[in-house]
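Student: I am attaching a structure below and will ask some questions about it afterwards.
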Amino acid sequence: MRIEKRIVFNTKYDESAGKKAFEIMDKKYPGMKDTGSFIVKLFEDDPKYKLLIQYLEENNFSKFITDDEMFSKEEMLSAPIMQMKPDSYTESRPMPKKDYGYLKESYDQNSGCEICTKGKIQNRPLQLIERTSLGKKDIVGLRWTNGFLVSKRFKELAEEAGLTGCEFWPIIKYKEKKPFEEIFQLKITGVMPKMANETNIIHDFSVCNICGHEKVYPKGRIYYNTSDLRDIPDFALTHEWFGMYWDIWQWPFMSQKAYRFFKENKITGVRFYPPEILDK
Ligand SMILES: [Zn+2]
């Protein structure tokens, strides 16, 4: 696994500084943008990354850096499980949106917290506006519920492959109250074991003032013990509830079998992040 850094930096419209930065990276200078900002990606272990940061810091140029974990093909094919994150999200959001109305419409009112959503159990189909589409994708993310929408093709292939830990729920057109024919919810029903103690869980120290849940999220790699990973279904949600601010959900994982299903059927739209598996 290598860490890829996405660096957004700004040379305050100084053209020669911009050129110098790209010279350091041995990359072609793309020209000054209206915003004055540049976006580049470099591996953390690439010496050019250190040199670029040094240059930006020496010149007091602003920078914003995010990390992405990049895995080799061999690492992906030997990972028993992996976290799944959507490449993109549908522009639609669950309805009705006013005052989190979708929580009342699609989730068990007696479950979880109405405000931070921790512990919420969906017991009825989600509703989306009529013009919702997946474009050419077979799977996209759904904001506000941390879920996934899939195509009819995905549903049929997954059922044929016998993937476990999931159901395909209809999605209801909000106004017409009829189901979409081509769009389904990938409703993940499997649950992961607890993460290993080695996982660095950060406490946000902000607490939901309704249910008292303290917001937490994992920093860096997620760890699981081998002995805890027996009989994990092909799709499963983390035992833990993570999130920030007012949006707390379990995170989705999938099996190696599900990963191969995506690859064999050329299903794009999710990124895969194998956790660290401890030999205990
Ligand atoms: Zn709460």
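Chain labels follow the order of the structure tokens: the first chain is A, the next B, and so on; residue numbering restarts at 1 in every chain, and ligands are counted from 1 in their shown order.
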Distance limit 10 Å, reference ligand 1, atoms considered: only C-alpha atoms and all ligand atoms. Which residues make the cut? Give them as a list of chain:residue names.

Tutor: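 Those within range of ligand 1 are A:Gly112, A:Cys113, A:Glu114, A:Ile115, A:Cys116, A:Thr117, A:Lys118, A:Gly119, A:Lys120, A:Val207, A:Cys208, A:Asn209, A:Ile210, A:Cys211, A:Gly212, A:His213, A:Glu214, A:Lys215, A:Tyr245, A:Trp246, A:Asp247, A:Ile248.
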
Student: Ser106 in chain A: which residues within 9 Å, counting only C-alpha atoms, same-chain residues fewer than 3 positions away excluded, as a ChimeraX atom specification?

Tutor: /A:101-103,109,121-127

Student: Can you write just those residues out, C-alpha atoms, as a PDB file, in the first residue's frame?

Tutor:
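Result file is result-v4.pdb:
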ATOM      1  CA  GLY A 101     -38.368  13.878   6.882  1.00  0.00           C
ATOM      2  CA  TYR A 102     -36.851  10.828   5.170  1.00  0.00           C
ATOM      3  CA  LEU A 103     -35.839   9.481   8.565  1.00  0.00           C
ATOM      4  CA  GLN A 109     -39.211   5.651  14.489  1.00  0.00           C
ATOM      5  CA  ILE A 121     -32.768   1.145  11.308  1.00  0.00           C
ATOM      6  CA  GLN A 122     -34.292   1.472   7.853  1.00  0.00           C
ATOM      7  CA  ASN A 123     -37.518  -0.532   7.644  1.00  0.00           C
ATOM      8  CA  ARG A 124     -39.206   0.926   4.556  1.00  0.00           C
ATOM      9  CA  PRO A 125     -37.955   1.798   1.063  1.00  0.00           C
ATOM     10  CA  LEU A 126     -36.220   5.100   0.451  1.00  0.00           C
ATOM     11  CA  GLN A 127     -37.900   7.732  -1.697  1.00  0.00           C
TER      12      GLN A 127
END

Student: Could you please write out, as a list in words, every residue of range 30-88 of chain A that DSSP assigns to strand (DSSP E or B)?

Tutor: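 Those in range 30-88 of chain A that DSSP calls strand (DSSP E or B) are Ser37, Phe38, Ile39, Val40, Lys41, Leu42, Phe43, Ser62, Lys63, Phe64, Ile65, Thr66, Asp67, Asp68, Glu69, Met70, Ile81, Met82, Gln83, Met84, Lys85 and Pro86 of chain A.
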
Student: Can you spit out the residues from that selection as a compact mmCIF listing (two decimals), in the first residue's frame, using N, CA and C atoms?

Tutor:
# COMPACT_ATOMS: atom_id res chain seq x y z
N SER A 37 -4.92 28.50 -8.02
CA SER A 37 -4.61 27.23 -7.35
C SER A 37 -4.22 26.14 -8.34
N PHE A 38 -3.38 25.26 -7.89
CA PHE A 38 -3.00 24.08 -8.68
C PHE A 38 -3.36 22.83 -7.88
N ILE A 39 -3.72 21.76 -8.60
CA ILE A 39 -4.00 20.48 -7.93
C ILE A 39 -3.09 19.43 -8.53
N VAL A 40 -2.32 18.75 -7.69
CA VAL A 40 -1.43 17.69 -8.18
C VAL A 40 -1.50 16.47 -7.25
N LYS A 41 -1.10 15.32 -7.78
CA LYS A 41 -1.04 14.11 -6.97
C LYS A 41 0.38 13.55 -7.01
N LEU A 42 0.91 13.22 -5.84
CA LEU A 42 2.24 12.62 -5.74
C LEU A 42 2.20 11.55 -4.66
N PHE A 43 2.98 10.49 -4.83
CA PHE A 43 3.08 9.50 -3.76
C PHE A 43 3.92 10.08 -2.63
N SER A 62 0.05 28.80 0.38
CA SER A 62 -0.93 27.97 1.09
C SER A 62 -1.06 26.62 0.40
N LYS A 63 -1.36 25.59 1.21
CA LYS A 63 -1.54 24.25 0.65
C LYS A 63 -2.59 23.49 1.46
N PHE A 64 -3.27 22.59 0.77
CA PHE A 64 -4.26 21.73 1.43
C PHE A 64 -4.02 20.32 0.90
N ILE A 65 -3.76 19.38 1.82
CA ILE A 65 -3.34 18.04 1.39
C ILE A 65 -4.30 16.98 1.92
N THR A 66 -4.73 16.08 1.04
CA THR A 66 -5.52 14.92 1.48
C THR A 66 -4.82 13.63 1.04
N ASP A 67 -5.07 12.57 1.79
CA ASP A 67 -4.41 11.28 1.53
C ASP A 67 -5.37 10.29 0.89
N ASP A 68 -4.84 9.44 0.03
CA ASP A 68 -5.62 8.31 -0.45
C ASP A 68 -4.71 7.08 -0.40
N GLU A 69 -5.28 5.95 0.04
CA GLU A 69 -4.49 4.71 0.08
C GLU A 69 -4.57 4.04 -1.28
N MET A 70 -3.43 3.68 -1.85
CA MET A 70 -3.39 3.04 -3.16
C MET A 70 -2.82 1.63 -2.99
N ILE A 81 -11.18 -8.94 2.95
CA ILE A 81 -12.29 -7.97 3.03
C ILE A 81 -11.77 -6.60 2.64
N MET A 82 -12.65 -5.72 2.27
CA MET A 82 -12.25 -4.35 1.99
C MET A 82 -13.40 -3.39 2.20
N GLN A 83 -13.02 -2.19 2.58
CA GLN A 83 -14.03 -1.15 2.74
C GLN A 83 -14.44 -0.67 1.35
N MET A 84 -15.69 -0.35 1.15
CA MET A 84 -16.12 0.18 -0.14
C MET A 84 -16.60 1.62 0.00
N LYS A 85 -16.04 2.46 -0.89
CA LYS A 85 -16.44 3.88 -0.88
C LYS A 85 -16.90 4.26 -2.28
N PRO A 86 -17.99 5.02 -2.38
CA PRO A 86 -18.45 5.39 -3.73
C PRO A 86 -17.50 6.37 -4.41

Student: Rank nothing, just name the residue among A:Glu167, A:Glu176, A:Glu182, A:Glu57 nearest to Lys136 in chain A, using only C-alpha atoms.

Tutor: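 The closest residue to Lys136 in chain A is A:Glu182.
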
Student: A:Ile3, A:Ile183, A:Leu56, A:Ile267: which is nearest Gly18 in chain A, counting only C-alpha atoms?

Tutor: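 That would be A:Leu56, the residue with the smallest distance to Gly18 in chain A.
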
Student: So, counting only C-alpha atoms, which residue among A:Tyr273, A:Leu186, A:Lys50, A:Lys137 is closest to Glu159 in chain A?

Tutor: A:Leu186

Student: Looking at only C-alpha atoms, which of A:His239, A:His203, A:Lys155, A:Lys173 is the one that sits closest to Arg93 in chain A?

Tutor: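 Distance minimum relative to Arg93 in chain A lands on A:Lys173.
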
Student: Do you know which residues are at most 7 Å from Ser92 in chain A counting only C-alpha atoms, after dropping those on the same chain fewer than 6 positions away, and could you put them as number ranges by chain?

Tutor: A: 128-129, 132

Student: Can you measure CA of Ala79 in chain A to CA of Trp249 in chain A for me? One decimal in Å is fine.

Tutor: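 Computed distance, CA of Ala79 in chain A to CA of Trp249 in chain A, equals 23.8 Å.
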
Student: Tell me which of A:Gln185, A:Gln250, A:Asn265, A:Thr90 sits closest to Val216 in chain A, counting only C-alpha atoms.

Tutor: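 With only C-alpha atoms as the atom set, the closest residue is A:Gln250.
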
Student: Could you check which of A:Glu91, A:Glu23, A:Asp138, A:Asp14 is closest to Phe262 in chain A, using only C-alpha atoms?

Tutor: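 Using only C-alpha atoms, Phe262 in chain A sits closest to A:Asp138.
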
Student: Would you return as a PyMOL selection string the members of range 32-217 of chain A that DSSP assigns to alpha helix (DSSP H) on this structure's backbone?

Tutor: chain A and resi 47-58+73-78+101-106+152-161

Student: Since we have the selection now, will you write its residues out, keeping N, CA and C atoms, as a CSV table (one decimal), in the first residue's frame?

Tutor:
chain,number,residue,atom,x,y,z
A,47,PRO,N,10.4,11.3,-3.6
A,47,PRO,CA,11.2,12.4,-3.0
A,47,PRO,C,10.7,13.7,-3.5
A,48,LYS,N,10.1,13.8,-4.7
A,48,LYS,CA,9.6,15.1,-5.2
A,48,LYS,C,8.5,15.6,-4.3
A,49,TYR,N,7.8,14.7,-3.6
A,49,TYR,CA,6.7,15.2,-2.7
A,49,TYR,C,7.3,16.1,-1.6
A,50,LYS,N,8.4,15.6,-1.0
A,50,LYS,CA,9.1,16.3,0.1
A,50,LYS,C,9.6,17.6,-0.4
A,51,LEU,N,10.2,17.6,-1.6
A,51,LEU,CA,10.8,18.8,-2.2
A,51,LEU,C,9.7,19.9,-2.5
A,52,LEU,N,8.6,19.4,-3.0
A,52,LEU,CA,7.5,20.4,-3.3
A,52,LEU,C,7.0,21.0,-2.0
A,53,ILE,N,6.8,20.2,-0.9
A,53,ILE,CA,6.3,20.7,0.3
A,53,ILE,C,7.3,21.7,0.9
A,54,GLN,N,8.5,21.4,0.8
A,54,GLN,CA,9.6,22.3,1.3
A,54,GLN,C,9.5,23.6,0.6
A,55,TYR,N,9.4,23.6,-0.7
A,55,TYR,CA,9.4,24.8,-1.5
A,55,TYR,C,8.1,25.6,-1.1
A,56,LEU,N,7.0,25.0,-1.0
A,56,LEU,CA,5.8,25.7,-0.7
A,56,LEU,C,5.9,26.4,0.7
A,57,GLU,N,6.4,25.6,1.7
A,57,GLU,CA,6.6,26.1,3.0
A,57,GLU,C,7.6,27.3,3.1
A,58,GLU,N,8.7,27.1,2.4
A,58,GLU,CA,9.7,28.2,2.4
A,58,GLU,C,9.2,29.5,1.9
A,73,LYS,N,-2.4,-4.5,-7.4
A,73,LYS,CA,-3.3,-5.6,-7.8
A,73,LYS,C,-3.2,-6.8,-6.9
A,74,GLU,N,-1.9,-7.1,-6.5
A,74,GLU,CA,-1.7,-8.3,-5.7
A,74,GLU,C,-2.3,-8.1,-4.3
A,75,GLU,N,-2.2,-6.9,-3.8
A,75,GLU,CA,-2.8,-6.6,-2.4
A,75,GLU,C,-4.3,-6.7,-2.5
A,76,MET,N,-4.9,-6.2,-3.6
A,76,MET,CA,-6.3,-6.3,-3.7
A,76,MET,C,-6.8,-7.7,-3.8
A,77,LEU,N,-6.1,-8.6,-4.6
A,77,LEU,CA,-6.5,-9.9,-4.8
A,77,LEU,C,-6.3,-10.9,-3.6
A,78,SER,N,-5.5,-10.4,-2.6
A,78,SER,CA,-5.2,-11.2,-1.5
A,78,SER,C,-6.0,-10.7,-0.2
A,101,GLY,N,-37.1,14.6,7.0
A,101,GLY,CA,-38.4,13.9,6.9
A,101,GLY,C,-38.2,12.4,6.4
A,102,TYR,N,-37.1,12.2,5.7
A,102,TYR,CA,-36.9,10.8,5.2
A,102,TYR,C,-36.6,9.9,6.3
A,103,LEU,N,-36.1,10.4,7.4
A,103,LEU,CA,-35.8,9.5,8.6
A,103,LEU,C,-37.2,9.0,9.1
A,104,LYS,N,-38.2,9.8,9.1
A,104,LYS,CA,-39.5,9.4,9.6
A,104,LYS,C,-40.2,8.5,8.6
A,105,GLU,N,-40.0,8.8,7.3
A,105,GLU,CA,-40.6,8.0,6.2
A,105,GLU,C,-40.0,6.6,6.0
A,106,SER,N,-38.7,6.5,6.2
A,106,SER,CA,-38.1,5.2,5.8
A,106,SER,C,-37.4,4.5,6.9
A,152,LYS,N,-30.4,-2.3,-12.2
A,152,LYS,CA,-31.1,-3.6,-12.3
A,152,LYS,C,-30.1,-4.7,-12.8
A,153,ARG,N,-29.1,-4.3,-13.6
A,153,ARG,CA,-28.1,-5.2,-14.1
A,153,ARG,C,-27.3,-5.7,-12.9
A,154,PHE,N,-26.9,-4.8,-12.0
A,154,PHE,CA,-26.1,-5.1,-10.8
A,154,PHE,C,-26.9,-6.1,-10.0
A,155,LYS,N,-28.2,-5.8,-9.7
A,155,LYS,CA,-29.1,-6.6,-8.9
A,155,LYS,C,-29.1,-8.0,-9.5
A,156,GLU,N,-29.4,-8.1,-10.8
A,156,GLU,CA,-29.5,-9.5,-11.4
A,156,GLU,C,-28.2,-10.3,-11.4
A,157,LEU,N,-27.1,-9.6,-11.6
A,157,LEU,CA,-25.8,-10.3,-11.6
A,157,LEU,C,-25.5,-10.7,-10.2
A,158,ALA,N,-25.7,-9.9,-9.2
A,158,ALA,CA,-25.4,-10.2,-7.8
A,158,ALA,C,-26.3,-11.4,-7.3
A,159,GLU,N,-27.5,-11.4,-7.7
A,159,GLU,CA,-28.4,-12.5,-7.3
A,159,GLU,C,-27.9,-13.8,-8.0
A,160,GLU,N,-27.5,-13.7,-9.2
A,160,GLU,CA,-27.0,-14.9,-9.9
A,160,GLU,C,-25.7,-15.4,-9.3
A,161,ALA,N,-24.9,-14.5,-8.8
A,161,ALA,CA,-23.6,-14.8,-8.2
A,161,ALA,C,-23.8,-15.3,-6.8
